[in-house]
Each structure stands twice: as C-alpha cells, then as structure tokens.
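Data from target22.txt: compact mmCIF, C-alpha atoms
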```
# COMPACT_ATOMS: atom_id res chain seq x y z
CA MET A 243 18.45 10.01 2.97
CA LYS A 244 19.49 9.03 6.47
CA ARG A 245 16.60 10.99 7.98
CA LEU A 246 14.15 9.27 5.65
CA SER A 247 15.50 5.84 6.56
CA ILE A 248 15.31 6.65 10.29
CA ARG A 249 11.71 7.79 9.87
CA LYS A 250 10.87 4.61 7.98
CA LEU A 251 12.33 2.54 10.82
CA LYS A 252 10.62 4.58 13.53
CA GLU A 253 7.08 3.94 12.32
CA PRO A 254 7.19 0.10 12.33
CA LEU A 255 9.14 0.10 15.61
CA MET A 256 6.54 2.32 17.28
CA LYS A 257 3.74 0.13 15.92
CA ILE A 258 5.43 -2.92 17.43
CA LEU A 259 5.94 -1.08 20.74
CA PHE A 260 2.28 -0.02 20.93
CA ALA A 261 1.15 -3.53 20.00
CA LEU A 262 3.32 -5.01 22.77
CA ALA A 263 1.92 -2.52 25.29
CA ALA A 264 -1.63 -3.47 24.29
CA CYS A 265 -0.79 -7.18 24.56
CA VAL A 266 0.67 -6.68 28.05
CA CYS A 267 -2.56 -5.01 29.19
CA ILE A 268 -4.69 -7.79 27.71
CA LEU A 269 -2.49 -10.50 29.23
CA ALA A 270 -2.61 -8.83 32.66
CA VAL A 271 -6.42 -8.82 32.61
CA LEU A 272 -6.45 -12.40 31.30
CA PHE A 273 -4.14 -13.66 34.07
CA ILE A 274 -6.25 -11.94 36.73
CA CYS A 275 -9.39 -13.55 35.30
CA ILE A 276 -7.76 -16.99 35.19
CA PHE A 277 -6.53 -16.69 38.79
CA LEU A 278 -9.89 -15.48 40.12
CA PHE A 279 -12.04 -18.03 38.35
CA ALA A 280 -9.64 -20.95 38.90
CA SER A 281 -9.54 -20.23 42.65
CA GLY A 282 -13.07 -18.94 43.21
CA VAL A 283 -15.38 -21.09 41.07
CA PRO A 284 -14.46 -24.39 42.85
CA ALA A 285 -15.36 -22.75 46.18
CA ILE A 286 -18.74 -21.65 44.81
CA ARG A 287 -19.36 -25.25 43.69
CA LYS A 288 -18.47 -26.61 47.14
CA ILE A 289 -20.66 -24.12 48.97
CA GLY A 290 -23.47 -24.06 46.41
CA ILE A 291 -24.14 -21.09 44.17
CA PHE A 292 -27.53 -20.24 45.74
CA LYS A 293 -26.28 -20.69 49.30
CA PHE A 294 -23.30 -18.50 48.49
CA LEU A 295 -25.14 -15.71 46.67
CA LEU A 296 -28.41 -15.73 48.65
CA GLY A 297 -27.16 -16.84 52.06
CA THR A 298 -27.56 -14.31 54.86
CA GLN A 299 -24.96 -15.75 57.25
CA TRP A 300 -21.16 -15.60 57.08
CA ARG A 301 -19.66 -17.96 59.66
CA PRO A 302 -16.26 -19.28 58.59
CA GLU A 303 -15.88 -21.29 61.80
CA ASN A 304 -18.96 -23.36 60.77
CA ASP A 305 -18.17 -23.37 57.04
CA ILE A 306 -21.22 -21.20 56.33
CA TYR A 307 -20.59 -18.62 53.62
CA GLY A 308 -23.39 -16.36 52.42
CA ILE A 309 -22.69 -12.97 50.86
CA PHE A 310 -26.20 -11.66 50.14
CA LEU A 311 -26.07 -9.04 52.91
CA MET A 312 -22.68 -7.82 51.67
CA ILE A 313 -23.99 -7.55 48.11
CA VAL A 314 -26.88 -5.44 49.39
CA GLY A 315 -24.47 -3.30 51.41
CA SER A 316 -22.25 -2.70 48.37
CA LEU A 317 -25.27 -1.73 46.26
CA TYR A 318 -26.62 0.63 48.93
CA ILE A 319 -23.36 2.52 49.31
CA THR A 320 -22.68 2.59 45.56
CA ALA A 321 -26.18 3.91 44.83
CA GLY A 322 -25.80 6.59 47.51
CA ALA A 323 -22.39 7.61 46.15
CA LEU A 324 -23.80 7.92 42.61
CA LEU A 325 -26.79 9.97 43.79
CA ILE A 326 -24.35 12.46 45.30
CA GLY A 327 -21.36 12.22 42.96
CA VAL A 328 -22.97 12.13 39.50
CA PRO A 329 -25.08 15.36 39.68
CA ILE A 330 -22.31 17.33 41.40
CA GLY A 331 -19.64 15.96 39.05
CA LEU A 332 -21.70 16.60 35.91
CA LEU A 333 -22.59 20.16 36.91
CA CYS A 334 -18.98 20.86 37.85
CA ALA A 335 -17.83 19.52 34.46
CA LEU A 336 -20.36 21.72 32.67
CA PHE A 337 -19.17 24.75 34.63
CA MET A 338 -15.52 24.03 33.82
CA ALA A 339 -16.18 23.36 30.14
CA ARG A 340 -18.57 26.21 29.32
CA PHE A 341 -19.02 28.69 32.17
CA CYS A 342 -15.73 28.88 34.11
CA PRO A 343 -13.66 32.13 33.82
CA LYS A 344 -10.10 31.52 32.67
CA ARG A 345 -8.54 32.88 35.87
CA ILE A 346 -10.45 30.33 37.97
CA TYR A 347 -10.07 27.33 35.65
CA LYS A 348 -6.45 26.42 36.41
CA PRO A 349 -6.75 26.49 40.24
CA LEU A 350 -10.03 24.53 40.03
CA LYS A 351 -8.55 21.94 37.66
CA SER A 352 -5.49 21.57 39.91
CA ALA A 353 -7.70 21.05 42.96
CA ILE A 354 -9.70 18.32 41.20
CA ASP A 355 -6.50 16.59 40.05
CA LEU A 356 -5.23 16.78 43.63
CA MET A 357 -8.43 15.10 44.85
CA ALA A 358 -7.74 12.20 42.48
CA GLY A 359 -4.28 11.73 44.01
CA ILE A 360 -5.36 11.69 47.67
CA PRO A 361 -5.04 8.14 49.12
CA SER A 362 -8.28 6.46 50.15
CA VAL A 363 -7.05 6.07 53.73
CA VAL A 364 -6.83 9.88 53.98
CA TYR A 365 -10.46 10.12 52.85
CA GLY A 366 -11.22 7.51 55.51
CA PHE A 367 -9.55 9.59 58.22
CA PHE A 368 -11.54 12.63 57.05
CA GLY A 369 -14.72 10.58 57.33
CA VAL A 370 -13.87 9.32 60.82
CA VAL A 371 -12.83 12.75 62.16
CA VAL A 372 -15.40 14.99 60.40
CA LEU A 373 -18.33 13.08 58.90
CA VAL A 374 -18.89 10.45 61.61
CA PRO A 375 -19.23 12.99 64.47
CA PHE A 376 -21.37 15.26 62.29
CA VAL A 377 -23.82 12.47 61.38
CA ARG A 378 -23.87 11.17 64.98
CA ASP A 379 -24.60 14.60 66.48
CA THR A 380 -27.07 15.71 63.78
CA PHE A 381 -29.06 12.58 62.91
CA GLY A 382 -28.31 10.18 65.77
CA GLY A 383 -26.93 6.66 65.82
CA THR A 384 -23.27 5.75 66.00
CA GLY A 385 -22.28 7.73 62.91
CA LEU A 386 -20.82 4.63 61.25
CA SER A 387 -23.52 4.18 58.66
CA ILE A 388 -24.67 4.35 55.04
CA LEU A 389 -25.32 8.08 55.46
CA THR A 390 -21.65 8.59 56.31
CA ALA A 391 -20.13 6.25 53.74
CA SER A 392 -22.19 7.40 50.73
CA PRO A 393 -21.15 11.11 50.75
CA LEU A 394 -17.54 10.11 51.38
CA LEU A 395 -17.58 7.71 48.45
CA GLY A 396 -19.40 10.28 46.32
CA MET A 397 -16.58 12.71 47.08
CA MET A 398 -14.00 10.12 46.04
CA ILE A 399 -15.55 9.44 42.62
CA LEU A 400 -15.88 13.17 41.77
CA PRO A 401 -12.46 13.51 40.02
CA THR A 402 -13.22 10.56 37.71
CA ILE A 403 -16.68 11.82 36.78
CA ILE A 404 -15.62 15.46 36.38
CA GLY A 405 -12.57 14.65 34.22
CA ILE A 406 -14.37 12.34 31.79
CA CYS A 407 -17.54 14.46 31.57
CA GLU A 408 -15.52 17.60 30.87
CA SER A 409 -13.57 15.84 28.11
CA ALA A 410 -16.82 14.52 26.60
CA ILE A 411 -18.44 17.99 26.61
CA ARG A 412 -15.36 19.62 25.07
CA ALA A 413 -15.28 16.91 22.38
CA VAL A 414 -18.69 17.97 21.02
CA PRO A 415 -18.11 19.92 17.77
CA GLN A 416 -18.32 23.69 18.16
CA SER A 417 -20.70 23.78 15.17
CA TYR A 418 -23.45 22.27 17.38
CA TYR A 419 -23.18 25.19 19.78
CA GLU A 420 -22.93 27.79 17.04
CA GLY A 421 -25.90 26.32 15.17
CA ALA A 422 -28.07 26.48 18.31
CA LEU A 423 -26.99 30.08 18.90
CA ALA A 424 -27.87 30.94 15.30
CA LEU A 425 -31.38 29.58 15.89
CA GLY A 426 -31.82 32.00 18.79
CA ALA A 427 -31.08 29.78 21.80
CA SER A 428 -29.42 31.30 24.86
CA HIS A 429 -26.01 30.16 26.08
CA GLU A 430 -27.52 28.09 28.90
CA ARG A 431 -30.08 26.51 26.56
CA CYS A 432 -27.34 25.57 24.07
CA VAL A 433 -25.31 23.90 26.81
CA PHE A 434 -28.14 21.95 28.45
CA ARG A 435 -30.26 21.13 25.38
CA VAL A 436 -27.58 20.63 22.70
CA LEU A 437 -24.10 19.97 24.12
CA LEU A 438 -25.20 17.79 27.04
CA PRO A 439 -27.29 15.32 24.97
CA ALA A 440 -24.51 15.18 22.35
CA ALA A 441 -21.99 14.18 25.04
CA LYS A 442 -24.18 11.50 26.64
CA SER A 443 -21.97 8.55 25.63
CA GLY A 444 -18.97 10.12 27.38
CA ILE A 445 -21.12 10.97 30.40
CA MET A 446 -22.32 7.37 30.58
CA ALA A 447 -18.70 6.22 30.46
CA ALA A 448 -17.95 8.51 33.41
CA VAL A 449 -20.86 7.03 35.37
CA VAL A 450 -19.68 3.47 34.65
CA LEU A 451 -16.15 4.26 35.78
CA GLY A 452 -17.58 5.96 38.85
CA VAL A 453 -19.57 2.81 39.65
CA GLY A 454 -16.42 0.72 39.27
CA ARG A 455 -14.51 3.02 41.61
CA ALA A 456 -17.33 3.13 44.16
CA ILE A 457 -18.10 -0.58 44.27
CA GLY A 458 -14.41 -1.48 44.46
CA GLU A 459 -13.42 1.00 47.19
CA THR A 460 -12.27 -0.64 50.41
CA MET A 461 -10.24 1.32 52.95
CA ALA A 462 -12.39 4.44 53.31
CA VAL A 463 -15.61 2.40 53.40
CA MET A 464 -14.16 0.03 55.99
CA MET A 465 -13.40 2.98 58.27
CA VAL A 466 -16.84 4.63 58.19
CA ALA A 467 -19.48 2.07 57.13
CA GLY A 468 -19.66 0.14 60.41
CA ASN A 469 -18.76 -3.31 58.98
CA GLN A 470 -21.97 -4.98 60.15
CA ALA A 471 -23.35 -7.70 57.87
CA ARG A 472 -27.09 -7.07 58.07
CA LEU A 473 -30.03 -5.90 56.00
CA PRO A 474 -30.31 -2.19 56.87
CA HIS A 475 -33.71 -0.66 57.62
CA SER A 476 -32.33 2.87 57.84
CA ILE A 477 -29.51 4.87 56.30
CA LEU A 478 -28.28 5.49 59.85
CA GLN A 479 -27.37 1.81 60.28
CA GLY A 480 -23.97 0.31 59.55
CA ILE A 481 -23.39 -2.29 56.85
CA SER A 482 -20.65 -4.46 55.41
CA THR A 483 -19.53 -4.59 51.76
CA LEU A 484 -17.89 -7.25 49.62
CA THR A 485 -14.54 -5.49 49.54
CA THR A 486 -14.31 -4.79 53.26
CA ASN A 487 -15.10 -8.42 54.06
CA ILE A 488 -12.24 -9.58 51.82
CA VAL A 489 -9.73 -7.17 53.34
CA MET A 490 -10.68 -7.87 56.96
CA GLU A 491 -10.49 -11.65 56.72
CA MET A 492 -7.92 -12.45 54.02
CA GLY A 493 -4.98 -12.12 56.43
CA TYR A 494 -5.96 -15.09 58.60
CA SER A 495 -8.06 -17.17 56.20
CA ALA A 496 -7.17 -20.68 55.02
CA ASP A 497 -8.59 -23.55 52.97
CA LEU A 498 -12.29 -23.10 52.10
CA HIS A 499 -12.46 -19.78 53.94
CA ARG A 500 -9.75 -18.32 51.71
CA GLU A 501 -11.36 -19.78 48.59
CA ALA A 502 -14.71 -18.24 49.63
CA LEU A 503 -13.08 -14.82 49.90
CA ILE A 504 -11.62 -15.23 46.41
CA ALA A 505 -15.09 -16.31 45.22
CA THR A 506 -16.39 -13.04 46.69
CA ALA A 507 -13.85 -11.23 44.50
CA VAL A 508 -15.19 -13.22 41.52
CA VAL A 509 -18.72 -11.96 42.26
CA LEU A 510 -17.40 -8.40 42.47
CA PHE A 511 -15.57 -8.86 39.15
CA VAL A 512 -18.73 -10.22 37.49
CA PHE A 513 -20.73 -7.25 38.78
CA ILE A 514 -18.33 -4.79 37.17
CA LEU A 515 -18.30 -6.89 33.98
CA ILE A 516 -22.11 -6.81 33.81
CA ILE A 517 -22.10 -3.03 34.31
CA ASN A 518 -19.63 -2.61 31.43
CA ILE A 519 -21.67 -4.89 29.16
CA CYS A 520 -24.86 -2.95 29.94
CA PHE A 521 -23.05 0.29 29.15
CA SER A 522 -21.86 -1.12 25.80
CA LEU A 523 -25.41 -2.21 24.92
CA LEU A 524 -26.83 1.19 25.83
CA LYS A 525 -24.13 2.87 23.77
CA ARG A 526 -25.02 0.69 20.75
CA ARG A 527 -28.70 1.49 21.08
CA SER A 528 -27.99 5.22 21.27
CA ARG A 529 -26.05 5.02 18.01
CA LEU A 530 -28.87 3.23 16.14
```
Now that the file is in, can you turn its structure into structure tokens?
Amino acid sequence: MKRLSIRKLKEPLMKILFALAACVCILAVLFICIFLFASGVPAIRKIGIFKFLLGTQWRPENDIYGIFLMIVGSLYITAGALLIGVPIGLLCALFMARFCPKRIYKPLKSAIDLMAGIPSVVYGFFGVVVLVPFVRDTFGGTGLSILTASPLLGMMILPTIIGICESAIRAVPQSYYEGALALGASHERCVFRVLLPAAKSGIMAAVVLGVGRAIGETMAVMMVAGNQARLPHSILQGISTLTTNIVMEMGYSADLHREALIATAVVLFVFILIINICFSLLKRRSRL
C-alpha cells in the first residue's frame, strides 16, 4: 500500500517539476526578448531603420551606425561554413549510423563529442596558428579572410550536425530498410534512396541549428576573419560580422553607441527567428 501511495505521489510531483522546468526555459527566452527589444528598438527608431540596416558606414564618434556590411559578412561566413560543414557532417553521420564497424564507432563518437566541448577560443588559436599561415602561403593575402574563417566555422558546427543527423537516421524505422532490401536494392541504395529522404526533417533541423551556431559564433571568427567592415570582392579579403562588432565595442560603448550594439543583437536574433520559422514552414509542407 505504501509503495502504491508513493508511486501515486511521484507522478504528479514529476509532472509539476517538468512543467516548472519548461516554464523556466520559456521565461528565460521571454526575458531575453524583452531586454533586447526594449533596449534595441528605440535605438533603431533614433537612427532610422533603413539607415541602420542598409547603411555602409559605422562611425560611433559621428553617430553614424550602419550594419549592412556586417550583415553581408555574417552571411558570407555562415554560407561558407554550411558549404563545408553540412556535406561532411551528413556523410559522417551516415557512416556512423549505417557503415561504421563497431570497433571504430566508440572512438569516433568520443572524438566528435570532444570536438563539441572544445572552447571556441581554442578553435581560434588553431585558426591563427595553422589555417592563417596556410592560406597566406598557399593563396596569398594576409590570411585573415573569409577563406580562413569559413572552414574553421564549418569545423565547429560539425558536432551539432553529425549528432542530430545520426539520431534522425537511426530514428527511421528498420522496416523501411528491410522493405527496400526485399525489393532488391543494395545496402548503399537503401541508405541513400530510402533512409536519407525519410530522415530529412531531422537533417533540416541539424542544418538550422548549424546555421544558428555559425551565425552566432564570435571569438574564433574575430581571431581569423580580419574584422574589416567592407564589401568583399574576394574570399581572400577580411570582413567583419555582427557578433564580432558587438564584442569588440561593447566594453567602451555608451549612450546611443551602446543602444546601437544592442540593436545589432536584435537584428541577429530576428535572423535566427526567421530561419527557425522558415524551417517550421518547410517541415509543415513536407508533411502535407
């Protein structure tokens, strides 16, 4: 009887605990949104939304704040990181889920988990010591460029993409694979023509999270991208991103300058929100 009563108490208590945990997460996001928009939107109104978003000059000493070049820089580096990280991450996830021998799986999984735990500043040091000299000696320029930052960022998003893609592929029912085999398809054909399309929603989620990680990365990009606010005409030129601009100037900013930096964070937040909404819409369409 006592055990039954304890079990009856445990279930509602755990439900309350889980509900509280969910509410804390929602409130945290809500407070961040309130802070960003309350501090950033007034600055955008003062500067002017078109001057702020489409302006090509950032001169705090003259109260000129335009972030267009930084938006372009963020998009360039994010696109480069995805071009490198998504194919490698997806193929690695396929290998781990369907081709990897058991004796290799555990060391490989541990190495990928270790990559996820490496601080971004360590990746930045690796980029400065290894990638920057390699790009400078091989392709020319200073080495602090899009060509250096994109592979580094692609390397950083690999653990996220590999982990989620592998989980999505393993979540596909085994009957799909067995049915394709029964129809005469080879192992490789079953994986690429049956399992991969069936796991596309999970793969899209991995890409979205990879975009969020790439566009929000700061320290490593700041160390290897060159931090030059300009419209690049070559991948060997340096650029500046939204996040690096915030980090570099927040320490000494004040008044409208500080509000403009917070407004930059608002733009970054809206970008990630738009990406998530687009992903949700694509997911709905794929279900119809």
If you count all atoms listed in the file, which residues fall within 9 Å of stretch 494-508 of chain A, apart from same-chain ones fewer than 6 positions away, as an MDAnalysis selection string?
chainID A and resid 275 278:279 281:286 288:289 294 302:303 305 307 309 484:485 487:488
Taking 5 positions as the minimum chain separation for residues in the same chain, which residues sit within 9 Å of stretch 460-468 of chain A when counting all atoms listed in the file? Answer as a VMD selection string.
chain A and resid 319 362 to 367 369 to 370 373 to 374 384 to 392 394 to 395 479 to 487 489 to 490
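Around A:Ile306, within 9 Å and counting only C-alpha atoms, the residues found are Ile289, Lys293, Phe294, Gly297, Gln299, Trp300 and Arg301 of chain A, once anything fewer than 5 positions away on its own chain is removed.
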Atom CA of A:Met312 sits from atom CA of A:Gly493 at a separation of 18.8 Å
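Distance annotation: of A:Ala427, A:Ala456, A:Ile258, A:Leu350, the residue with the minimal separation from A:Leu325 is A:Ala456; atom set is only C-alpha atoms.
Taking atom CA of A:Leu425 and atom CA of A:Arg340 as endpoints, the distance between them is 18.9 Å.
Shortest separation to A:Val449 among A:Leu356, A:Leu332, A:Val377, A:Ala413 occurs at residue A:Leu332, atoms counted being only C-alpha atoms.
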Draw an axis-aligned box tight on the listed atoms of stretch 440-448 of chain A, then pad every side by 6 Å and write out centre and edge lengths in Å to one decimal as lines of an AutoDock Vina configuration file.
```
center_x = -21.2
center_y = 10.7
center_z = 27.9
size_x = 18.6
size_y = 21.0
size_z = 23.1
```
Atom CA of A:Leu510 to atom CA of A:Pro474, straight-line distance in Å
20.3 Å
List the spatial neighbours of stretch 402-412 of chain A as a ChimeraX atom specification - criterion: any atom at most 8 Å away, all atoms listed in the file, same-chain residues fewer than 4 positions off excluded.
/A:327-328,331-332,334-336,338-339,358,437-438,440-445,447-449,451-452
From the options A:Phe368, A:Phe513, A:Phe341, A:Phe381, which residue's atoms come nearest to A:Val433, counting only C-alpha atoms?
A:Phe341
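Among the candidates A:Leu311, A:Ala321, A:Val436, A:Cys342, the one nearest to A:Asn469 when counting only C-alpha atoms is A:Leu311.
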Could you complete stretch 429-440 of chain A so that it carries N, CA, C and O atoms, and give it back as a compact mmCIF listing (two decimals), in the frame of the given file?
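In the end it all went to result26.txt:
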```txt
# COMPACT_ATOMS: atom_id res chain seq x y z
N HIS A 429 -27.21 30.94 25.77
CA HIS A 429 -26.01 30.16 26.08
C HIS A 429 -26.35 28.94 26.96
O HIS A 429 -25.91 27.82 26.69
N GLU A 430 -27.15 29.17 27.99
CA GLU A 430 -27.52 28.09 28.90
C GLU A 430 -28.34 27.02 28.17
O GLU A 430 -28.13 25.82 28.40
N ARG A 431 -29.25 27.46 27.31
CA ARG A 431 -30.08 26.51 26.56
C ARG A 431 -29.23 25.69 25.60
O ARG A 431 -29.44 24.49 25.44
N CYS A 432 -28.25 26.30 24.97
CA CYS A 432 -27.34 25.57 24.07
C CYS A 432 -26.57 24.49 24.84
O CYS A 432 -26.41 23.36 24.35
N VAL A 433 -26.11 24.85 26.03
CA VAL A 433 -25.31 23.90 26.81
C VAL A 433 -26.15 22.72 27.27
O VAL A 433 -25.76 21.56 27.10
N PHE A 434 -27.34 23.01 27.84
CA PHE A 434 -28.14 21.95 28.45
C PHE A 434 -28.99 21.17 27.44
O PHE A 434 -29.30 20.00 27.69
N ARG A 435 -29.38 21.79 26.34
CA ARG A 435 -30.26 21.13 25.38
C ARG A 435 -29.53 20.59 24.15
O ARG A 435 -30.08 19.75 23.44
N VAL A 436 -28.31 21.06 23.90
CA VAL A 436 -27.58 20.63 22.70
C VAL A 436 -26.29 19.90 23.08
O VAL A 436 -26.09 18.74 22.70
N LEU A 437 -25.40 20.56 23.81
CA LEU A 437 -24.10 19.97 24.12
C LEU A 437 -24.23 18.76 25.06
O LEU A 437 -23.56 17.75 24.86
N LEU A 438 -25.07 18.88 26.07
CA LEU A 438 -25.20 17.79 27.04
C LEU A 438 -25.75 16.51 26.42
O LEU A 438 -25.17 15.43 26.62
N PRO A 439 -26.84 16.56 25.63
CA PRO A 439 -27.29 15.32 24.97
C PRO A 439 -26.26 14.76 23.99
O PRO A 439 -26.13 13.54 23.83
N ALA A 440 -25.51 15.65 23.31
CA ALA A 440 -24.51 15.18 22.35
C ALA A 440 -23.35 14.47 23.04
O ALA A 440 -22.67 13.63 22.42
```
